[in-house]
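> I'm passing along run38.cif; it holds mmCIF, C-alpha atoms and all ligand atoms.
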data_model
loop_
_atom_site.label_atom_id
_atom_site.label_comp_id
_atom_site.auth_asym_id
_atom_site.auth_seq_id
_atom_site.Cartn_x
_atom_site.Cartn_y
_atom_site.Cartn_z
CA MET A 1 39.86 16.15 123.89
CA SER A 2 43.06 15.51 121.97
CA LEU A 3 45.92 16.71 124.11
CA PRO A 4 49.36 17.50 122.72
CA ASN A 5 51.97 14.90 123.56
CA HIS A 6 54.67 17.55 123.86
CA ILE A 7 54.23 21.20 124.92
CA ALA A 8 57.07 23.71 124.61
CA ILE A 9 56.79 27.07 126.38
CA ILE A 10 58.77 30.29 125.98
CA LEU A 11 58.43 31.68 129.50
CA ASP A 12 58.33 35.37 128.69
CA GLY A 13 57.26 38.61 130.32
CA ASN A 14 58.53 38.25 133.90
CA GLY A 15 60.34 41.59 133.81
CA ARG A 16 57.49 43.62 132.33
CA TRP A 17 54.99 41.97 134.68
CA ALA A 18 57.02 43.07 137.72
CA ARG A 19 57.70 46.57 136.39
CA ALA A 20 53.96 47.07 135.82
CA LYS A 21 53.51 46.41 139.53
CA GLY A 22 56.27 48.90 140.42
CA MET A 23 58.56 46.04 141.44
CA PRO A 24 62.09 45.13 140.27
CA ARG A 25 62.43 42.70 137.35
CA SER A 26 63.92 40.12 139.72
CA TYR A 27 60.58 39.87 141.54
CA GLY A 28 59.01 38.79 138.23
CA HIS A 29 61.63 36.05 137.88
CA VAL A 30 60.92 34.75 141.39
CA VAL A 31 57.16 34.62 140.78
CA GLY A 32 57.73 33.18 137.29
CA CYS A 33 59.84 30.43 138.82
CA ASP A 34 57.12 29.53 141.34
CA ASN A 35 54.59 29.47 138.53
CA LEU A 36 56.76 27.08 136.54
CA GLU A 37 56.87 24.70 139.47
CA HIS A 38 53.10 24.87 139.83
CA MET A 39 52.30 24.54 136.11
CA CYS A 40 54.71 21.66 135.66
CA ASP A 41 52.76 19.70 138.32
CA TYR A 42 49.49 20.61 136.67
CA ILE A 43 50.66 19.58 133.20
CA CYS A 44 51.88 16.30 134.69
CA ASP A 45 48.45 15.72 136.30
CA LEU A 46 46.77 16.32 132.93
CA GLY A 47 48.75 13.37 131.59
CA ILE A 48 50.81 15.38 129.09
CA LYS A 49 54.04 13.42 128.59
CA TYR A 50 56.58 16.05 127.53
CA LEU A 51 57.11 19.62 128.69
CA THR A 52 60.04 21.71 127.46
CA VAL A 53 60.58 25.25 128.70
CA TYR A 54 62.90 28.05 127.62
CA ALA A 55 64.39 29.58 130.75
CA PHE A 56 67.64 31.26 129.64
CA SER A 57 68.92 31.85 126.13
CA THR A 58 72.48 32.17 124.85
CA GLU A 59 71.49 35.80 124.11
CA ASN A 60 70.33 36.46 127.69
CA TRP A 61 73.98 36.90 128.83
CA LYS A 62 73.71 40.38 127.27
CA ARG A 63 71.38 41.47 130.09
CA SER A 64 72.76 43.45 133.02
CA GLU A 65 75.27 41.67 135.24
CA GLU A 66 72.86 42.07 138.15
CA GLU A 67 69.94 40.41 136.32
CA VAL A 68 72.11 37.52 135.11
CA ARG A 69 73.33 36.99 138.69
CA VAL A 70 69.75 36.93 140.01
CA LEU A 71 68.72 34.43 137.34
CA MET A 72 71.68 32.12 138.02
CA ASN A 73 70.93 32.16 141.76
CA LEU A 74 67.32 31.34 141.02
CA PHE A 75 68.41 28.37 138.88
CA ARG A 76 70.58 27.14 141.75
CA ARG A 77 67.61 27.11 144.10
CA TYR A 78 65.03 25.99 141.58
CA LEU A 79 67.03 23.01 140.31
CA ARG A 80 67.28 21.73 143.89
CA ARG A 81 63.53 21.97 144.25
CA VAL A 82 63.01 20.14 140.96
CA GLU A 83 64.79 17.12 142.44
CA LYS A 84 61.91 16.66 144.88
CA LYS A 85 59.38 17.18 142.10
CA ALA A 86 61.11 14.58 139.97
CA VAL A 87 60.54 11.98 142.68
CA LYS A 88 56.97 13.07 143.37
CA ASN A 89 55.94 13.16 139.70
CA GLN A 90 58.17 10.25 138.60
CA MET A 91 59.58 12.74 136.13
CA ARG A 92 62.75 12.52 134.10
CA VAL A 93 64.51 15.88 133.90
CA ARG A 94 66.90 16.94 131.17
CA ILE A 95 68.70 20.22 130.58
CA LEU A 96 69.01 21.48 127.01
CA GLY A 97 71.75 23.93 126.11
CA ASP A 98 75.47 24.38 126.52
CA LYS A 99 76.25 23.41 130.11
CA SER A 100 79.94 24.23 129.57
CA GLY A 101 79.05 27.94 129.65
CA LEU A 102 77.57 27.72 133.16
CA ALA A 103 79.18 27.91 136.61
CA PRO A 104 80.63 24.55 137.75
CA ASP A 105 78.28 24.25 140.75
CA ILE A 106 75.20 24.77 138.54
CA ARG A 107 76.50 22.16 136.11
CA ARG A 108 77.00 19.73 138.95
CA ILE A 109 73.42 20.21 140.20
CA MET A 110 72.15 19.72 136.63
CA GLU A 111 74.13 16.53 136.15
CA GLU A 112 72.97 15.14 139.51
CA LEU A 113 69.38 15.94 138.61
CA GLU A 114 69.65 14.25 135.21
CA GLU A 115 71.28 11.22 136.76
CA MET A 116 68.92 10.77 139.70
CA SER A 117 65.82 11.12 137.48
CA ALA A 118 67.05 9.09 134.49
CA GLY A 119 64.88 6.07 135.37
CA TYR A 120 61.56 7.95 135.64
CA ASP A 121 59.10 7.84 132.75
CA ARG A 122 55.74 9.21 133.86
CA MET A 123 56.66 12.62 132.48
CA TYR A 124 59.65 14.14 130.68
CA PHE A 125 60.58 17.69 131.68
CA GLN A 126 63.22 19.60 129.73
CA MET A 127 64.63 22.96 130.75
CA ALA A 128 66.55 25.00 128.17
CA ILE A 129 69.23 26.96 130.04
CA ASN A 130 72.07 28.66 128.15
CA TYR A 131 70.26 27.35 125.10
CA GLY A 132 70.27 28.80 121.60
CA GLY A 133 68.95 26.90 118.61
CA ARG A 134 71.74 27.99 116.29
CA ASP A 135 74.30 27.17 118.96
CA GLU A 136 72.72 23.72 119.37
CA ILE A 137 73.05 23.06 115.63
CA LEU A 138 76.67 24.24 115.58
CA ARG A 139 77.52 22.03 118.57
CA ALA A 140 75.88 19.08 116.79
CA VAL A 141 77.93 19.75 113.65
CA GLN A 142 81.15 19.88 115.71
CA ARG A 143 80.40 16.52 117.32
CA ILE A 144 79.42 14.98 113.98
CA ALA A 145 82.72 16.17 112.47
CA ALA A 146 84.65 14.59 115.36
CA ASP A 147 82.70 11.32 115.05
CA ALA A 148 83.13 11.29 111.26
CA LYS A 149 86.88 11.64 111.71
CA ALA A 150 86.84 8.66 114.08
CA GLY A 151 84.75 6.66 111.57
CA LEU A 152 81.71 6.69 113.87
CA PHE A 153 79.36 8.63 111.58
CA PRO A 154 78.01 7.20 108.28
CA GLU A 155 79.64 8.64 105.16
CA GLY A 156 77.63 10.60 102.58
CA LYS A 157 74.59 12.78 103.20
CA PRO A 158 73.18 12.13 106.68
CA THR A 159 69.47 11.49 107.13
CA GLU A 160 67.40 13.88 109.25
CA GLU A 161 67.20 11.17 111.94
CA GLU A 162 70.99 10.68 111.97
CA PHE A 163 71.51 14.41 112.34
CA ALA A 164 68.84 14.90 115.02
CA ARG A 165 70.54 12.31 117.23
CA TYR A 166 73.29 14.90 117.81
CA LEU A 167 70.93 17.63 118.98
CA ASP A 168 70.29 18.28 122.69
CA THR A 169 66.80 16.87 122.11
CA ALA A 170 68.02 13.44 120.90
CA ASP A 171 65.36 10.82 121.79
CA LEU A 172 62.64 13.45 122.35
CA PRO A 173 59.62 13.79 120.05
CA ASP A 174 59.17 17.22 118.41
CA PRO A 175 56.83 19.62 120.25
CA ASP A 176 53.18 19.54 119.11
CA LEU A 177 52.33 22.90 120.65
CA LEU A 178 54.52 25.95 121.31
CA ILE A 179 53.21 28.58 123.70
CA ARG A 180 54.81 32.00 124.05
CA THR A 181 53.50 34.30 126.73
CA SER A 182 53.58 38.09 126.95
CA GLY A 183 52.75 39.16 123.42
CA GLU A 184 56.00 38.70 121.51
CA MET A 185 55.44 36.75 118.27
CA ARG A 186 58.86 35.31 117.58
CA THR A 187 60.72 32.21 118.64
CA SER A 188 63.93 33.95 119.85
CA ASN A 189 66.23 31.09 118.81
CA PHE A 190 64.19 28.34 120.54
CA LEU A 191 64.25 24.87 118.95
CA PRO A 192 64.51 25.96 115.28
CA TRP A 193 64.97 22.38 114.04
CA GLN A 194 62.34 20.79 116.28
CA LEU A 195 59.52 23.33 115.75
CA ALA A 196 59.31 22.74 111.98
CA TYR A 197 55.70 21.45 112.17
CA THR A 198 54.67 22.61 115.64
CA GLU A 199 51.46 24.58 116.16
CA PHE A 200 52.13 28.05 117.66
CA TYR A 201 50.01 29.78 120.29
CA PHE A 202 50.76 33.36 121.36
CA THR A 203 49.08 35.10 124.28
CA PRO A 204 49.47 38.62 125.70
CA VAL A 205 49.31 37.16 129.24
CA ALA A 206 52.69 37.40 131.02
CA TRP A 207 54.26 34.18 132.33
CA PRO A 208 53.65 34.92 136.06
CA ASP A 209 49.89 35.19 135.25
CA PHE A 210 49.75 32.13 133.01
CA HIS A 211 47.76 29.66 135.13
CA GLU A 212 45.41 26.72 134.54
CA GLU A 213 42.69 28.66 132.71
CA GLU A 214 45.21 30.22 130.30
CA LEU A 215 46.69 26.80 129.58
CA HIS A 216 43.21 25.47 128.80
CA LYS A 217 42.71 28.27 126.28
CA ALA A 218 45.92 27.19 124.56
CA LEU A 219 44.85 23.53 124.63
CA GLU A 220 41.49 24.43 123.17
CA ALA A 221 43.10 26.41 120.35
CA TYR A 222 45.38 23.44 119.69
CA GLU A 223 42.44 21.06 119.52
CA ASN A 224 40.86 23.17 116.80
CA ARG A 225 43.96 23.20 114.61
CA ASP A 226 44.16 21.05 111.51
CA ARG A 227 47.56 19.49 112.00
CA ARG A 228 49.79 18.77 109.01
CA PHE A 229 53.23 17.27 108.88
CA GLY A 230 54.38 18.39 105.46
CA ASP A 231 51.81 16.27 103.66
CA ALA A 232 48.21 16.97 102.71
CA LEU A 233 46.66 14.83 105.45
CA SER A 234 47.23 15.10 109.15
CA LYS A 235 48.36 11.91 110.89
CA GLU A 236 44.94 11.34 112.48
CA GLN A 237 43.19 11.50 109.10
CA LYS A 238 45.34 8.80 107.56
C1 LIG A 301 61.39 35.80 130.74
O1 LIG A 301 61.03 37.08 131.12
C2 LIG A 301 62.52 35.21 131.55
C3 LIG A 301 63.82 35.19 130.86
C4 LIG A 301 64.05 35.50 129.63
C5 LIG A 301 64.96 34.78 131.64
P1 LIG A 301 61.83 38.36 130.62
O2 LIG A 301 62.96 38.60 131.57
O3 LIG A 301 62.21 38.22 129.20
O4 LIG A 301 60.74 39.48 130.81
P2 LIG A 301 60.42 40.64 129.78
O5 LIG A 301 60.16 40.00 128.46
O6 LIG A 301 61.60 41.55 129.76
O7 LIG A 301 59.20 41.26 130.34
C1 LIG A 302 63.36 34.38 125.15
O1 LIG A 302 62.89 35.51 125.77
C2 LIG A 302 64.24 33.62 126.05
C3 LIG A 302 63.58 33.05 127.21
C4 LIG A 302 62.31 33.12 127.51
C5 LIG A 302 64.46 32.35 128.07
P1 LIG A 302 63.63 36.92 125.65
O2 LIG A 302 62.77 37.87 126.36
O3 LIG A 302 65.03 36.81 126.07
O4 LIG A 302 63.59 37.13 124.07
P2 LIG A 302 63.55 38.46 123.22
O5 LIG A 302 64.71 39.29 123.65
O6 LIG A 302 62.24 39.11 123.53
O7 LIG A 302 63.60 38.00 121.79
MG MG A 303 61.40 38.77 127.41
#
Will you turn the file into structure tokens for me?

Amino acid sequence: MSLPNHIAIILDGNGRWARAKGMPRSYGHVVGCDNLEHMCDYICDLGIKYLTVYAFSTENWKRSEEEVRVLMNLFRRYLRRVEKKAVKNQMRVRILGDKSGLAPDIRRIMEELEEMSAGYDRMYFQMAINYGGRDEILRAVQRIAADAKAGLFPEGKPTEEEFARYLDTADLPDPDLLIRTSGEMRTSNFLPWQLAYTEFYFTPVAWPDFHEEELHKALEAYENRDRRFGDALSKEQK
């Protein structure tokens, strides 16, 4: 079976899943968080090298104050737990997104986590928190402009590689497979640059119900795709 090297997941549907059970949306976030912990271990055991998940978008600040507070508290607790997972799975953890928009204590936990796991290479786990793809591109452009002024960026038209080095995903391969749970068929500002040739898989199953068997359905669909990278032949056919 040919497994994707890099899976990206838009973790969607927590709120609707909980409401359907007559529970508050926050319950869906708690269960969704537990499921992420579980599925991350499973994906690591499968030998998949890169997992990138969308946990909070730059647009999600528009949700109710109460829901944002619940989510931020969950991140506080979850990021602590990920530290233990990083050791267990020998997993390097990186946070994508604009950390400057987050509370100082959350930033500190994120930075500690990135630092303590920087030497691990069995698996690479990225969490997008306060992430927006357009925001990422604008932040890259700002940093390029500053570097250009200081003479640190090559003059003339930059190559795609030179530009991508300024994105939050610098050094990461592009995702091979994007999964979005819970029926929505859009990318909601997730990795617009990096998903240019990614295969998309949409499922009506909500994130809290997305377990091993649902992942295998996505992997099977991926295996049957004829991958192209902007040329007529896929890389394997060459
Ligand atoms: C995904 O679930 C989690 C976040 C976006 C933080 P939602 O909260 O979007 O749940 P639905 O889509 O409203 O059901
Ligand atoms: C996308 O889901 C963001 C995350 C999963 C973190 P949303 O539920 O926020 O996206 P929309 O509002 O359906 O586009
Ligand atoms: Mg949603």
> Check which residues of chain A sit at most 8 Å from ligand LIG 301 (chain A) using only C-alpha atoms and all ligand atoms, and return one row each with the closest pair of atoms and their distance in Å to one decimal, ordered by chain and rising number, as a tab-separated table.

residue	atom	partner	partner_atom	distance
A:Ile10	CA	A:LIG301	C1	7.7
A:Leu11	CA	A:LIG301	C1	5.2
A:Asp12	CA	A:LIG301	C1	3.7
A:Gly13	CA	A:LIG301	O7	3.3
A:Asn14	CA	A:LIG301	O1	3.9
A:Gly15	CA	A:LIG301	O7	3.7
A:Arg16	CA	A:LIG301	O7	3.5
A:Trp17	CA	A:LIG301	O7	6.1
A:Ala18	CA	A:LIG301	O7	7.9
A:Arg25	CA	A:LIG301	O2	7.1
A:Gly28	CA	A:LIG301	O1	7.6
A:His29	CA	A:LIG301	C2	6.4
A:Gly32	CA	A:LIG301	C2	7.7
A:Tyr54	CA	A:LIG301	C4	7.8
A:Ala55	CA	A:LIG301	C5	5.3
A:Phe56	CA	A:LIG301	C5	4.9
A:Ser57	CA	A:LIG301	C4	7.0
A:Asn60	CA	A:LIG301	C4	6.6
A:Leu71	CA	A:LIG301	C5	6.8
A:Ser182	CA	A:LIG301	O5	7.0
A:Ala206	CA	A:LIG301	O7	7.6
A:Trp207	CA	A:LIG301	O1	7.5
> Go through A:Thr203, A:Thr169, A:Ser2, A:Asn35 one by one, measure the shortest atom-to-atom distance of each to Leu191 (chain A) using only C-alpha atoms, and give the residue with the smallest value.
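Looking only at the distances to Leu191 (chain A), the closest residue turns out to be A:Thr169.
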> As an mmCIF file with C-alpha atoms, in the coordinates of the input, please: the residues near Ala164 (chain A) (cut-off 10 Å, all atoms listed in the file, same-chain neighbours under 4 positions excluded).

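As a result, out-v5.cif now contains:
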data_model
loop_
_atom_site.group_PDB
_atom_site.id
_atom_site.type_symbol
_atom_site.label_atom_id
_atom_site.label_comp_id
_atom_site.auth_asym_id
_atom_site.auth_seq_id
_atom_site.Cartn_x
_atom_site.Cartn_y
_atom_site.Cartn_z
ATOM 1 C CA ILE A 137 73.050 23.060 115.630
ATOM 2 C CA ALA A 140 75.880 19.080 116.790
ATOM 3 C CA PRO A 158 73.180 12.130 106.680
ATOM 4 C CA THR A 159 69.470 11.490 107.130
ATOM 5 C CA GLU A 160 67.400 13.880 109.250
ATOM 6 C CA ASP A 168 70.290 18.280 122.690
ATOM 7 C CA THR A 169 66.800 16.870 122.110
ATOM 8 C CA ALA A 170 68.020 13.440 120.900
ATOM 9 C CA ASP A 171 65.360 10.820 121.790
ATOM 10 C CA LEU A 172 62.640 13.450 122.350
ATOM 11 C CA TRP A 193 64.970 22.380 114.040
ATOM 12 C CA GLN A 194 62.340 20.790 116.280
#
> Nearest to ligand LIG 302 (chain A): which of A:Gly230, A:Gly47, A:Gly97, A:Gly156 is it, counting only C-alpha atoms and all ligand atoms?
A:Gly97
> Just the number, please: distance in Å from CA of Glu162 (chain A) to CA of Pro175 (chain A), one decimal.
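One can read the CA of Glu162 (chain A) to CA of Pro175 (chain A) distance as 18.7 Å.
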> With only C-alpha atoms as the basis for distance, which of A:Asp147, A:Glu37, A:Glu111, A:Asp98 is at the shortest distance from Ile129 (chain A)?
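Selected residue with least distance to Ile129 (chain A): A:Asp98.
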> Just to confirm, what's the straight-line distance from CA of Lys149 (chain A) to CA of Ser100 (chain A) in Å (one decimal)?
22.9 Å
> With distances taken over only C-alpha atoms and all ligand atoms, which residue among A:Gly132, A:Pro192, A:Gly119, A:Pro104 lies nearest ligand LIG 302 (chain A)?
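Residue with the minimum atom-to-atom distance to ligand LIG 302 (chain A): A:Gly132.
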> If we count only C-alpha atoms, what is near Val205 (chain A) at a cut-off of 9 Å, once residues fewer than 4 positions away on the same chain are taken out, given as a list in words?
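Counting only C-alpha atoms, the residues come to Gly13, Thr181, Ser182, Gly183, Asp209, Phe210 and Glu214 of chain A.
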> For the selection just defined, write its residues with C-alpha atoms to a file, as an mmCIF file, in the frame of the given file.

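For reference, part00.cif as written:
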data_model
loop_
_atom_site.group_PDB
_atom_site.id
_atom_site.type_symbol
_atom_site.label_atom_id
_atom_site.label_comp_id
_atom_site.auth_asym_id
_atom_site.auth_seq_id
_atom_site.Cartn_x
_atom_site.Cartn_y
_atom_site.Cartn_z
ATOM 1 C CA GLY A 13 57.260 38.610 130.320
ATOM 2 C CA THR A 181 53.500 34.300 126.730
ATOM 3 C CA SER A 182 53.580 38.090 126.950
ATOM 4 C CA GLY A 183 52.750 39.160 123.420
ATOM 5 C CA ASP A 209 49.890 35.190 135.250
ATOM 6 C CA PHE A 210 49.750 32.130 133.010
ATOM 7 C CA GLU A 214 45.210 30.220 130.300
#
> In Å, rounded to a single decimal, give me how far atom O5 of ligand LIG 302 (chain A) is from CA of Lys62 (chain A).
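CA of Lys62 (chain A) sits 9.8 Å away from atom O5 of ligand LIG 302 (chain A).
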> Tell me which of A:Leu195, A:Val141, A:Tyr166, A:Glu59 sits closest to ligand MG 303 (chain A), counting only C-alpha atoms and all ligand atoms.
A:Glu59
> Residues near Val82 (chain A), anyone? I mean within 9 Å using only C-alpha atoms, not counting same-chain ones fewer than 3 positions away, as an MDAnalysis selection string.
chainID A and resid 37 77:79 85:87 93 113
